[in-house]
Amino acid sequence: MAKRAGPMDIYPLLPQTNCGECGEANCMAFATKAAEYTLGIKACTPLYREREYADKRDKLEELMRPPVREVVIGSGEHKVSIGGELVLYRHDLRYLHPTAFFVDVADSAAPEEMKKRVGEIENWTYVYIGMDLRLDGIALRSVSGDPKKFAEAAKRLGELTNWPIMLCSLNPKVLAAGAQALQSKRPLLYAATTDSWQEVSEIAMKYQLPVVVYAPGDLNALKSLASTFNQMGLDVVLDPGNEFSAALGSTIDDFTMLRRAATREGDEGVGFPLLASPISVWGDHKEGEAEELAKWQEVLAGASMIIRYADIIVLHSLDMWVQLPLTFLRTNLFTDPVKPVAVEPGLREFGHPTNDSPVMYTSNFALTYFTVESDIKQAGIDAYLVVIDTEGLSIQSAVAGRKLTADVIAEAIKESGVEKKVNHRILISPGMAARLSGETEEASKWTVKVGPKDSSGIGPYIGDELWKKE
Ligand code: SF4
């Protein structure tokens, strides 16, 4: 396995002045966080500001370079980073950059049709435990094969959207026309092959654009293409080819082999982001067959490739039932396995609370919070809810792990400012934290009433004014 730098490898390359500019108490604390990739080395500002540290900085950058290079597609606020991964298995640390979803638009689309499709791509969203699940980019596909038409479509697309764009054609003349039209938007060029690499490399060099190298079924050729483009200083993405309908298993094997070689065997020649095209299932779609069949295949291929290391996938279907499982899968795979999903602590108001309204508290574990939020909203209650920082643990775990104690609750109540909003001092505790009631009363000087164990009981509990009774 390629060795990851530890704090003791990083520390000697820092200025070692303990200046605190990075926000850490000293350089050793910084080295520890940098080794975990929770703090980027650029946070050590003296390292980048002072000339005397230039040598150390270069060595540190080399040391910290991820085995899979990071590639940025697009520019401005919507640009997307792919790759930059450190590990093969999520439990070895965590995955860093979620698989980017690009959806196709054909260059043959009429202006109104293109506008509608772009709008649908940009507006596709689903709210999942407080996060907006979204797509990431648009793949402009040359259907016409005509450089002039492709350039016109690229220009139109560039006027319609600021999202990252991928230009797709195996004809270098078509790619050149599109690249010229969108050069300032840093599109991803798809693709250079063993036949076209020279022409495509000239386009990529001219506009300094990232490029996909494509060698279906020939990993040696793929590696050779990648090495050529990399030596030119260009950002590279690998497409080893996709055979979803006929040979999904061997496609998965190729992706796994490439990522394993990069992260476990330290093979720099394949240390680049991987691209998969579930959209290719539509190429096997036969006339008269139900479209749903191709969509099912697209979901299966997409899911397989997200799990098997694809850093970017190209899709066609925009149906909610196609995108939803894929976006859910991506979100769950790319969360930090040691860090529970949490929401911001602080005071939340529901309905139109007055100074007589109930005050409750809960933890900042996202699943707990959104369940409680949903139950309060459904019950139509006017209330205050203090969300306490339990480091993302549920109430039960936080009580057991001493992340939720009487002192923590008292402090959170004080900091939330709820004391100024109500004219009473009654705090409703979740039933699961009942055993903290006495200590919480002492620490906070509030009267604690134990609410229901399950937040679905909040409606009747508040509605019947049980919290006001002895
Ligand atoms: S900014 Fe750099 S030199 Fe200063 S404490 Fe942090 S790591 Fe050390």
# chains A, B, ... in the order shown; residues from 1 in each chain; ligands from 1
>>> residues_near_ligand(ligand="ligand 1", cutoff="9 Å", atoms="only C-alpha atoms and all ligand atoms", output="list in words")
Tyr11, Leu14, Pro15, Gln16, Thr17, Asn18, Cys19, Gly20, Glu21, Cys22, Gly23, Glu24, Ala25, Asn26, Cys27, Met28, Ala29, Phe30, Ala31, Ile41, Lys42, Ala43, Cys44, Thr45, Pro46 and Leu47 of chain A
>>> write_last_selection(atoms="N, CA and C atoms", output="PDB file, in the first residue's frame")
ATOM      1  N   TYR A  11       5.972  17.409   9.967  1.00  0.00           N
ATOM      2  CA  TYR A  11       6.503  18.413  10.904  1.00  0.00           C
ATOM      3  C   TYR A  11       7.857  19.004  10.480  1.00  0.00           C
ATOM      4  N   LEU A  14       7.682  21.968   8.092  1.00  0.00           N
ATOM      5  CA  LEU A  14       6.966  23.196   8.482  1.00  0.00           C
ATOM      6  C   LEU A  14       7.976  24.213   9.020  1.00  0.00           C
ATOM      7  N   PRO A  15       7.609  25.508   9.085  1.00  0.00           N
ATOM      8  CA  PRO A  15       8.550  26.513   9.607  1.00  0.00           C
ATOM      9  C   PRO A  15       8.946  26.278  11.068  1.00  0.00           C
ATOM     10  N   GLN A  16       8.105  25.568  11.805  1.00  0.00           N
ATOM     11  CA  GLN A  16       8.364  25.236  13.227  1.00  0.00           C
ATOM     12  C   GLN A  16       8.525  26.480  14.105  1.00  0.00           C
ATOM     13  N   THR A  17       7.769  27.519  13.800  1.00  0.00           N
ATOM     14  CA  THR A  17       7.826  28.738  14.624  1.00  0.00           C
ATOM     15  C   THR A  17       6.663  28.796  15.622  1.00  0.00           C
ATOM     16  N   ASN A  18       5.708  27.872  15.475  1.00  0.00           N
ATOM     17  CA  ASN A  18       4.515  27.856  16.344  1.00  0.00           C
ATOM     18  C   ASN A  18       3.804  29.212  16.357  1.00  0.00           C
ATOM     19  N   CYS A  19       3.752  29.879  15.205  1.00  0.00           N
ATOM     20  CA  CYS A  19       3.197  31.238  15.150  1.00  0.00           C
ATOM     21  C   CYS A  19       1.680  31.278  15.328  1.00  0.00           C
ATOM     22  N   GLY A  20       0.988  30.190  15.033  1.00  0.00           N
ATOM     23  CA  GLY A  20      -0.465  30.146  15.221  1.00  0.00           C
ATOM     24  C   GLY A  20      -1.275  30.726  14.076  1.00  0.00           C
ATOM     25  N   GLU A  21      -0.633  31.160  13.003  1.00  0.00           N
ATOM     26  CA  GLU A  21      -1.390  31.771  11.885  1.00  0.00           C
ATOM     27  C   GLU A  21      -2.374  30.801  11.236  1.00  0.00           C
ATOM     28  N   CYS A  22      -2.100  29.514  11.380  1.00  0.00           N
ATOM     29  CA  CYS A  22      -2.990  28.505  10.776  1.00  0.00           C
ATOM     30  C   CYS A  22      -4.221  28.259  11.652  1.00  0.00           C
ATOM     31  N   GLY A  23      -4.231  28.869  12.835  1.00  0.00           N
ATOM     32  CA  GLY A  23      -5.359  28.649  13.741  1.00  0.00           C
ATOM     33  C   GLY A  23      -5.091  27.518  14.722  1.00  0.00           C
ATOM     34  N   GLU A  24      -3.955  26.850  14.589  1.00  0.00           N
ATOM     35  CA  GLU A  24      -3.600  25.767  15.506  1.00  0.00           C
ATOM     36  C   GLU A  24      -2.635  26.282  16.574  1.00  0.00           C
ATOM     37  N   ALA A  25      -2.580  25.581  17.699  1.00  0.00           N
ATOM     38  CA  ALA A  25      -1.753  26.042  18.815  1.00  0.00           C
ATOM     39  C   ALA A  25      -0.270  26.001  18.470  1.00  0.00           C
ATOM     40  N   ASN A  26       0.119  25.019  17.659  1.00  0.00           N
ATOM     41  CA  ASN A  26       1.531  24.912  17.297  1.00  0.00           C
ATOM     42  C   ASN A  26       1.681  24.080  16.024  1.00  0.00           C
ATOM     43  N   CYS A  27       2.914  23.974  15.544  1.00  0.00           N
ATOM     44  CA  CYS A  27       3.157  23.285  14.264  1.00  0.00           C
ATOM     45  C   CYS A  27       2.855  21.790  14.356  1.00  0.00           C
ATOM     46  N   MET A  28       3.060  21.204  15.525  1.00  0.00           N
ATOM     47  CA  MET A  28       2.796  19.768  15.665  1.00  0.00           C
ATOM     48  C   MET A  28       1.288  19.493  15.545  1.00  0.00           C
ATOM     49  N   ALA A  29       0.485  20.371  16.146  1.00  0.00           N
ATOM     50  CA  ALA A  29      -0.971  20.212  16.043  1.00  0.00           C
ATOM     51  C   ALA A  29      -1.395  20.348  14.579  1.00  0.00           C
ATOM     52  N   PHE A  30      -0.759  21.284  13.871  1.00  0.00           N
ATOM     53  CA  PHE A  30      -1.057  21.462  12.445  1.00  0.00           C
ATOM     54  C   PHE A  30      -0.671  20.201  11.667  1.00  0.00           C
ATOM     55  N   ALA A  31       0.520  19.665  11.968  1.00  0.00           N
ATOM     56  CA  ALA A  31       1.001  18.470  11.253  1.00  0.00           C
ATOM     57  C   ALA A  31       0.037  17.300  11.448  1.00  0.00           C
ATOM     58  N   ILE A  41      -2.472  22.113   3.573  1.00  0.00           N
ATOM     59  CA  ILE A  41      -1.173  22.698   3.918  1.00  0.00           C
ATOM     60  C   ILE A  41      -1.111  24.189   3.594  1.00  0.00           C
ATOM     61  N   LYS A  42      -2.013  24.660   2.728  1.00  0.00           N
ATOM     62  CA  LYS A  42      -2.004  26.093   2.392  1.00  0.00           C
ATOM     63  C   LYS A  42      -2.401  26.951   3.596  1.00  0.00           C
ATOM     64  N   ALA A  43      -3.000  26.308   4.617  1.00  0.00           N
ATOM     65  CA  ALA A  43      -3.366  27.066   5.822  1.00  0.00           C
ATOM     66  C   ALA A  43      -2.118  27.532   6.576  1.00  0.00           C
ATOM     67  N   CYS A  44      -0.980  26.929   6.308  1.00  0.00           N
ATOM     68  CA  CYS A  44       0.272  27.413   6.910  1.00  0.00           C
ATOM     69  C   CYS A  44       0.769  28.565   6.029  1.00  0.00           C
ATOM     70  N   THR A  45       0.279  29.744   6.308  1.00  0.00           N
ATOM     71  CA  THR A  45       0.559  30.903   5.425  1.00  0.00           C
ATOM     72  C   THR A  45       2.046  31.285   5.345  1.00  0.00           C
ATOM     73  N   PRO A  46       2.805  31.209   6.445  1.00  0.00           N
ATOM     74  CA  PRO A  46       4.223  31.572   6.306  1.00  0.00           C
ATOM     75  C   PRO A  46       4.958  30.704   5.292  1.00  0.00           C
ATOM     76  N   LEU A  47       4.526  29.460   5.184  1.00  0.00           N
ATOM     77  CA  LEU A  47       5.162  28.522   4.253  1.00  0.00           C
ATOM     78  C   LEU A  47       5.039  29.029   2.809  1.00  0.00           C
TER      79      LEU A  47
END
>>> residues_around(residues="Gly463 (chain A)", least_positions_apart="5", cutoff="12 Å", atoms="only C-alpha atoms", output="list in words")
Ser357, Pro358, Ile376, Ala379, Gly380, Ile381, Asp382, Ala383, Gly457, Ile458 and Lys468 of chain A
>>> write_last_selection(atoms="N, CA and C atoms", output="mmCIF file, in the first residue's frame")
data_model
loop_
_atom_site.group_PDB
_atom_site.id
_atom_site.type_symbol
_atom_site.label_atom_id
_atom_site.label_comp_id
_atom_site.auth_asym_id
_atom_site.auth_seq_id
_atom_site.Cartn_x
_atom_site.Cartn_y
_atom_site.Cartn_z
ATOM 1 N N SER A 357 -44.353 30.377 24.469
ATOM 2 C CA SER A 357 -44.250 29.110 23.721
ATOM 3 C C SER A 357 -43.279 28.133 24.388
ATOM 4 N N PRO A 358 -43.469 26.849 24.109
ATOM 5 C CA PRO A 358 -42.587 25.832 24.715
ATOM 6 C C PRO A 358 -41.164 25.894 24.163
ATOM 7 N N ILE A 376 -42.430 18.270 14.525
ATOM 8 C CA ILE A 376 -42.941 19.553 15.039
ATOM 9 C C ILE A 376 -43.749 20.253 13.949
ATOM 10 N N ALA A 379 -47.088 18.673 13.394
ATOM 11 C CA ALA A 379 -48.029 18.939 14.500
ATOM 12 C C ALA A 379 -48.503 20.402 14.471
ATOM 13 N N GLY A 380 -47.863 21.242 13.656
ATOM 14 C CA GLY A 380 -48.279 22.645 13.534
ATOM 15 C C GLY A 380 -48.095 23.438 14.817
ATOM 16 N N ILE A 381 -47.010 23.155 15.518
ATOM 17 C CA ILE A 381 -46.787 23.789 16.830
ATOM 18 C C ILE A 381 -45.964 25.065 16.692
ATOM 19 N N ASP A 382 -46.255 26.057 17.528
ATOM 20 C CA ASP A 382 -45.381 27.230 17.659
ATOM 21 C C ASP A 382 -44.415 26.912 18.802
ATOM 22 N N ALA A 383 -43.117 26.844 18.499
ATOM 23 C CA ALA A 383 -42.183 26.406 19.554
ATOM 24 C C ALA A 383 -40.763 26.854 19.262
ATOM 25 N N GLY A 457 -44.449 11.901 19.428
ATOM 26 C CA GLY A 457 -45.364 12.224 20.527
ATOM 27 C C GLY A 457 -45.343 13.699 20.911
ATOM 28 N N ILE A 458 -44.522 14.497 20.234
ATOM 29 C CA ILE A 458 -44.408 15.914 20.602
ATOM 30 C C ILE A 458 -45.745 16.647 20.395
ATOM 31 N N LYS A 468 -47.014 22.119 30.724
ATOM 32 C CA LYS A 468 -47.281 23.188 31.693
ATOM 33 C C LYS A 468 -47.811 22.644 33.024
#
>>> residues_around(residues="region 237-248 of chain A", least_positions_apart="6", cutoff="6 Å", atoms="only C-alpha atoms", output="list of chain:residue names")
A:Val212, A:Val213, A:Tyr214, A:Ala215, A:Pro216, A:Phe272, A:Pro273, A:Leu274, A:Leu275
>>> closest_residue(among="A:Val118, A:Leu326, A:Met232, A:Leu225", to="Ala100 (chain A)", atoms="only C-alpha atoms")
A:Leu326
>>> residues_around(residues="region 133-139 of chain A", least_positions_apart="6", cutoff="7 Å", atoms="only C-alpha atoms", output="CSV table (one decimal) with N, CA and C atoms, in the first residue's frame")
chain,number,residue,atom,x,y,z
A,100,ALA,N,-18.7,13.3,-9.8
A,100,ALA,CA,-19.5,14.4,-10.4
A,100,ALA,C,-20.4,13.8,-11.5
A,101,PHE,N,-21.7,14.3,-11.5
A,101,PHE,CA,-22.7,13.8,-12.4
A,101,PHE,C,-22.8,14.8,-13.6
A,102,PHE,N,-22.5,14.4,-14.8
A,102,PHE,CA,-22.7,15.2,-16.0
A,102,PHE,C,-23.8,14.6,-16.8
A,103,VAL,N,-24.7,15.5,-17.2
A,103,VAL,CA,-25.9,15.0,-18.0
A,103,VAL,C,-25.8,15.6,-19.5
A,104,ASP,N,-26.1,14.7,-20.5
A,104,ASP,CA,-25.8,15.1,-21.8
A,104,ASP,C,-26.9,16.1,-22.4
A,105,VAL,N,-26.4,16.9,-23.3
A,105,VAL,CA,-27.2,17.8,-24.2
A,105,VAL,C,-26.6,17.6,-25.6
A,121,ILE,N,-31.6,20.2,-16.1
A,121,ILE,CA,-30.4,19.7,-15.4
A,121,ILE,C,-30.0,20.6,-14.2
A,124,TRP,N,-32.6,20.2,-11.3
A,124,TRP,CA,-32.9,18.9,-10.6
A,124,TRP,C,-32.3,18.9,-9.2
A,125,THR,N,-33.2,18.7,-8.2
A,125,THR,CA,-32.7,18.7,-6.8
A,125,THR,C,-33.6,17.9,-6.0
A,126,TYR,N,-33.0,17.4,-4.9
A,126,TYR,CA,-33.8,16.7,-3.9
A,126,TYR,C,-33.2,17.0,-2.5
A,127,VAL,N,-34.0,17.3,-1.5
A,127,VAL,CA,-33.5,17.6,-0.2
A,127,VAL,C,-33.4,16.3,0.6
A,163,TRP,N,-22.4,26.4,-15.5
A,163,TRP,CA,-22.1,25.1,-15.0
A,163,TRP,C,-20.9,24.5,-15.8
A,164,PRO,N,-20.1,23.6,-15.1
A,164,PRO,CA,-19.0,23.0,-15.8
A,164,PRO,C,-19.5,22.2,-17.1
A,165,ILE,N,-18.7,22.3,-18.1
A,165,ILE,CA,-19.1,21.6,-19.4
A,165,ILE,C,-18.0,20.6,-19.8
A,166,MET,N,-18.5,19.6,-20.4
A,166,MET,CA,-17.6,18.6,-21.0
A,166,MET,C,-17.9,18.6,-22.5
A,167,LEU,N,-16.9,18.7,-23.4
A,167,LEU,CA,-17.1,18.7,-24.8
A,167,LEU,C,-16.9,17.3,-25.3
A,168,CYS,N,-17.9,16.6,-26.0
A,168,CYS,CA,-17.7,15.2,-26.3
A,168,CYS,C,-17.7,15.0,-27.8
A,327,THR,N,-27.9,9.7,-6.6
A,327,THR,CA,-27.5,10.8,-5.8
A,327,THR,C,-27.4,10.4,-4.3
>>> residues_around(residues="region 363-367 of chain A", least_positions_apart="2", cutoff="9 Å", atoms="only C-alpha atoms", output="ChimeraX atom specification")
/A:129-130,340-345,361,369-372,386-395,398,404
>>> residues_around(residues="region 255-260 of chain A", least_positions_apart="6", cutoff="8 Å", atoms="only C-alpha atoms", output="list in words")
Leu88, Pro240, Val270, Gly271, Leu274, Arg308, Tyr309 and Ala310 of chain A
>>> select_by_dssp(residues="region 349-398 of chain A", states="helix (DSSP H, G or I)", output="number ranges by chain")
A: 366-379, 395-398
>>> write_last_selection(atoms="N, CA and C atoms", output="PDB file, in the first residue's frame")
ATOM      1  N   ALA A 366     -27.909  14.751  12.421  1.00  0.00           N
ATOM      2  CA  ALA A 366     -28.831  15.171  11.362  1.00  0.00           C
ATOM      3  C   ALA A 366     -30.115  14.340  11.345  1.00  0.00           C
ATOM      4  N   LEU A 367     -29.985  13.021  11.502  1.00  0.00           N
ATOM      5  CA  LEU A 367     -31.197  12.198  11.404  1.00  0.00           C
ATOM      6  C   LEU A 367     -32.147  12.479  12.567  1.00  0.00           C
ATOM      7  N   THR A 368     -31.579  12.732  13.759  1.00  0.00           N
ATOM      8  CA  THR A 368     -32.429  13.083  14.901  1.00  0.00           C
ATOM      9  C   THR A 368     -33.091  14.428  14.637  1.00  0.00           C
ATOM     10  N   TYR A 369     -32.261  15.408  14.241  1.00  0.00           N
ATOM     11  CA  TYR A 369     -32.795  16.758  14.069  1.00  0.00           C
ATOM     12  C   TYR A 369     -33.934  16.784  13.041  1.00  0.00           C
ATOM     13  N   PHE A 370     -33.709  16.161  11.881  1.00  0.00           N
ATOM     14  CA  PHE A 370     -34.736  16.276  10.835  1.00  0.00           C
ATOM     15  C   PHE A 370     -35.998  15.486  11.176  1.00  0.00           C
ATOM     16  N   THR A 371     -35.865  14.436  11.993  1.00  0.00           N
ATOM     17  CA  THR A 371     -37.063  13.718  12.436  1.00  0.00           C
ATOM     18  C   THR A 371     -37.865  14.608  13.380  1.00  0.00           C
ATOM     19  N   VAL A 372     -37.153  15.245  14.320  1.00  0.00           N
ATOM     20  CA  VAL A 372     -37.827  16.132  15.289  1.00  0.00           C
ATOM     21  C   VAL A 372     -38.459  17.317  14.534  1.00  0.00           C
ATOM     22  N   GLU A 373     -37.693  17.896  13.614  1.00  0.00           N
ATOM     23  CA  GLU A 373     -38.199  19.046  12.845  1.00  0.00           C
ATOM     24  C   GLU A 373     -39.482  18.671  12.113  1.00  0.00           C
ATOM     25  N   SER A 374     -39.446  17.512  11.460  1.00  0.00           N
ATOM     26  CA  SER A 374     -40.607  17.087  10.681  1.00  0.00           C
ATOM     27  C   SER A 374     -41.819  16.857  11.599  1.00  0.00           C
ATOM     28  N   ASP A 375     -41.591  16.252  12.773  1.00  0.00           N
ATOM     29  CA  ASP A 375     -42.712  15.989  13.687  1.00  0.00           C
ATOM     30  C   ASP A 375     -43.288  17.295  14.242  1.00  0.00           C
ATOM     31  N   ILE A 376     -42.430  18.270  14.525  1.00  0.00           N
ATOM     32  CA  ILE A 376     -42.941  19.553  15.039  1.00  0.00           C
ATOM     33  C   ILE A 376     -43.749  20.253  13.949  1.00  0.00           C
ATOM     34  N   LYS A 377     -43.214  20.231  12.728  1.00  0.00           N
ATOM     35  CA  LYS A 377     -43.923  20.910  11.639  1.00  0.00           C
ATOM     36  C   LYS A 377     -45.270  20.243  11.363  1.00  0.00           C
ATOM     37  N   GLN A 378     -45.248  18.913  11.364  1.00  0.00           N
ATOM     38  CA  GLN A 378     -46.506  18.203  11.095  1.00  0.00           C
ATOM     39  C   GLN A 378     -47.545  18.490  12.158  1.00  0.00           C
ATOM     40  N   ALA A 379     -47.088  18.673  13.394  1.00  0.00           N
ATOM     41  CA  ALA A 379     -48.029  18.939  14.500  1.00  0.00           C
ATOM     42  C   ALA A 379     -48.503  20.402  14.471  1.00  0.00           C
ATOM     43  N   ILE A 395     -29.299  11.410  20.726  1.00  0.00           N
ATOM     44  CA  ILE A 395     -29.477  11.700  22.157  1.00  0.00           C
ATOM     45  C   ILE A 395     -28.947  10.562  23.031  1.00  0.00           C
ATOM     46  N   GLN A 396     -29.380   9.346  22.705  1.00  0.00           N
ATOM     47  CA  GLN A 396     -28.984   8.199  23.537  1.00  0.00           C
ATOM     48  C   GLN A 396     -27.458   8.032  23.573  1.00  0.00           C
ATOM     49  N   SER A 397     -26.827   8.070  22.388  1.00  0.00           N
ATOM     50  CA  SER A 397     -25.370   7.884  22.331  1.00  0.00           C
ATOM     51  C   SER A 397     -24.664   9.044  23.012  1.00  0.00           C
ATOM     52  N   ALA A 398     -25.203  10.257  22.834  1.00  0.00           N
ATOM     53  CA  ALA A 398     -24.554  11.438  23.418  1.00  0.00           C
ATOM     54  C   ALA A 398     -24.623  11.399  24.941  1.00  0.00           C
TER      55      ALA A 398
END
>>> closest_residue(among="A:Val450, A:Ala434, A:Ala276, A:Leu300", to="Val359 (chain A)", atoms="only C-alpha atoms")
A:Val450
>>> residues_around(residues="Tyr95 (chain A)", least_positions_apart="2", cutoff="9 Å", atoms="only C-alpha atoms", output="PyMOL selection string")
chain A and resi 84-91+93+97-98+333-336
>>> write_last_selection(atoms="C-alpha atoms", output="PDB file, in the first residue's frame")
ATOM      1  CA  GLY A  84      -7.750  13.921  -5.500  1.00  0.00           C
ATOM      2  CA  GLU A  85      -8.503  10.644  -3.732  1.00  0.00           C
ATOM      3  CA  LEU A  86      -6.136   9.167  -1.177  1.00  0.00           C
ATOM      4  CA  VAL A  87      -7.440   5.706  -0.415  1.00  0.00           C
ATOM      5  CA  LEU A  88      -8.937   2.653  -2.065  1.00  0.00           C
ATOM      6  CA  TYR A  89     -11.318   1.875   0.765  1.00  0.00           C
ATOM      7  CA  ARG A  90     -13.398   4.529   2.445  1.00  0.00           C
ATOM      8  CA  HIS A  91     -12.652   3.087   5.892  1.00  0.00           C
ATOM      9  CA  LEU A  93      -9.633   7.434   5.780  1.00  0.00           C
ATOM     10  CA  HIS A  97     -14.520  14.496  -3.904  1.00  0.00           C
ATOM     11  CA  PRO A  98     -17.957  13.043  -4.666  1.00  0.00           C
ATOM     12  CA  LEU A 333     -20.541   6.866   0.081  1.00  0.00           C
ATOM     13  CA  PHE A 334     -18.842  10.237   0.306  1.00  0.00           C
ATOM     14  CA  THR A 335     -19.710  11.053   3.910  1.00  0.00           C
ATOM     15  CA  ASP A 336     -16.888  10.704   6.386  1.00  0.00           C
TER      16      ASP A 336
END
>>> select_by_dssp(residues="region 28-160 of chain A", states="strand (DSSP E)", output="number ranges by chain")
A: 70-73, 80-83, 100-106, 125-128, 131-134, 137-141
>>> closest_residue(among="A:Leu157, A:Leu96, A:Ala151, A:Val448", to="Arg69 (chain A)", atoms="only C-alpha atoms")
A:Leu96
>>> atom_distance(atom1="CA of Glu159 (chain A)", atom2="CA of Ile203 (chain A)")
21.7 Å
>>> closest_residue(among="A:Asn171, A:Arg65, A:Pro187, A:Ala35", to="Lys79 (chain A)", atoms="only C-alpha atoms")
A:Pro187
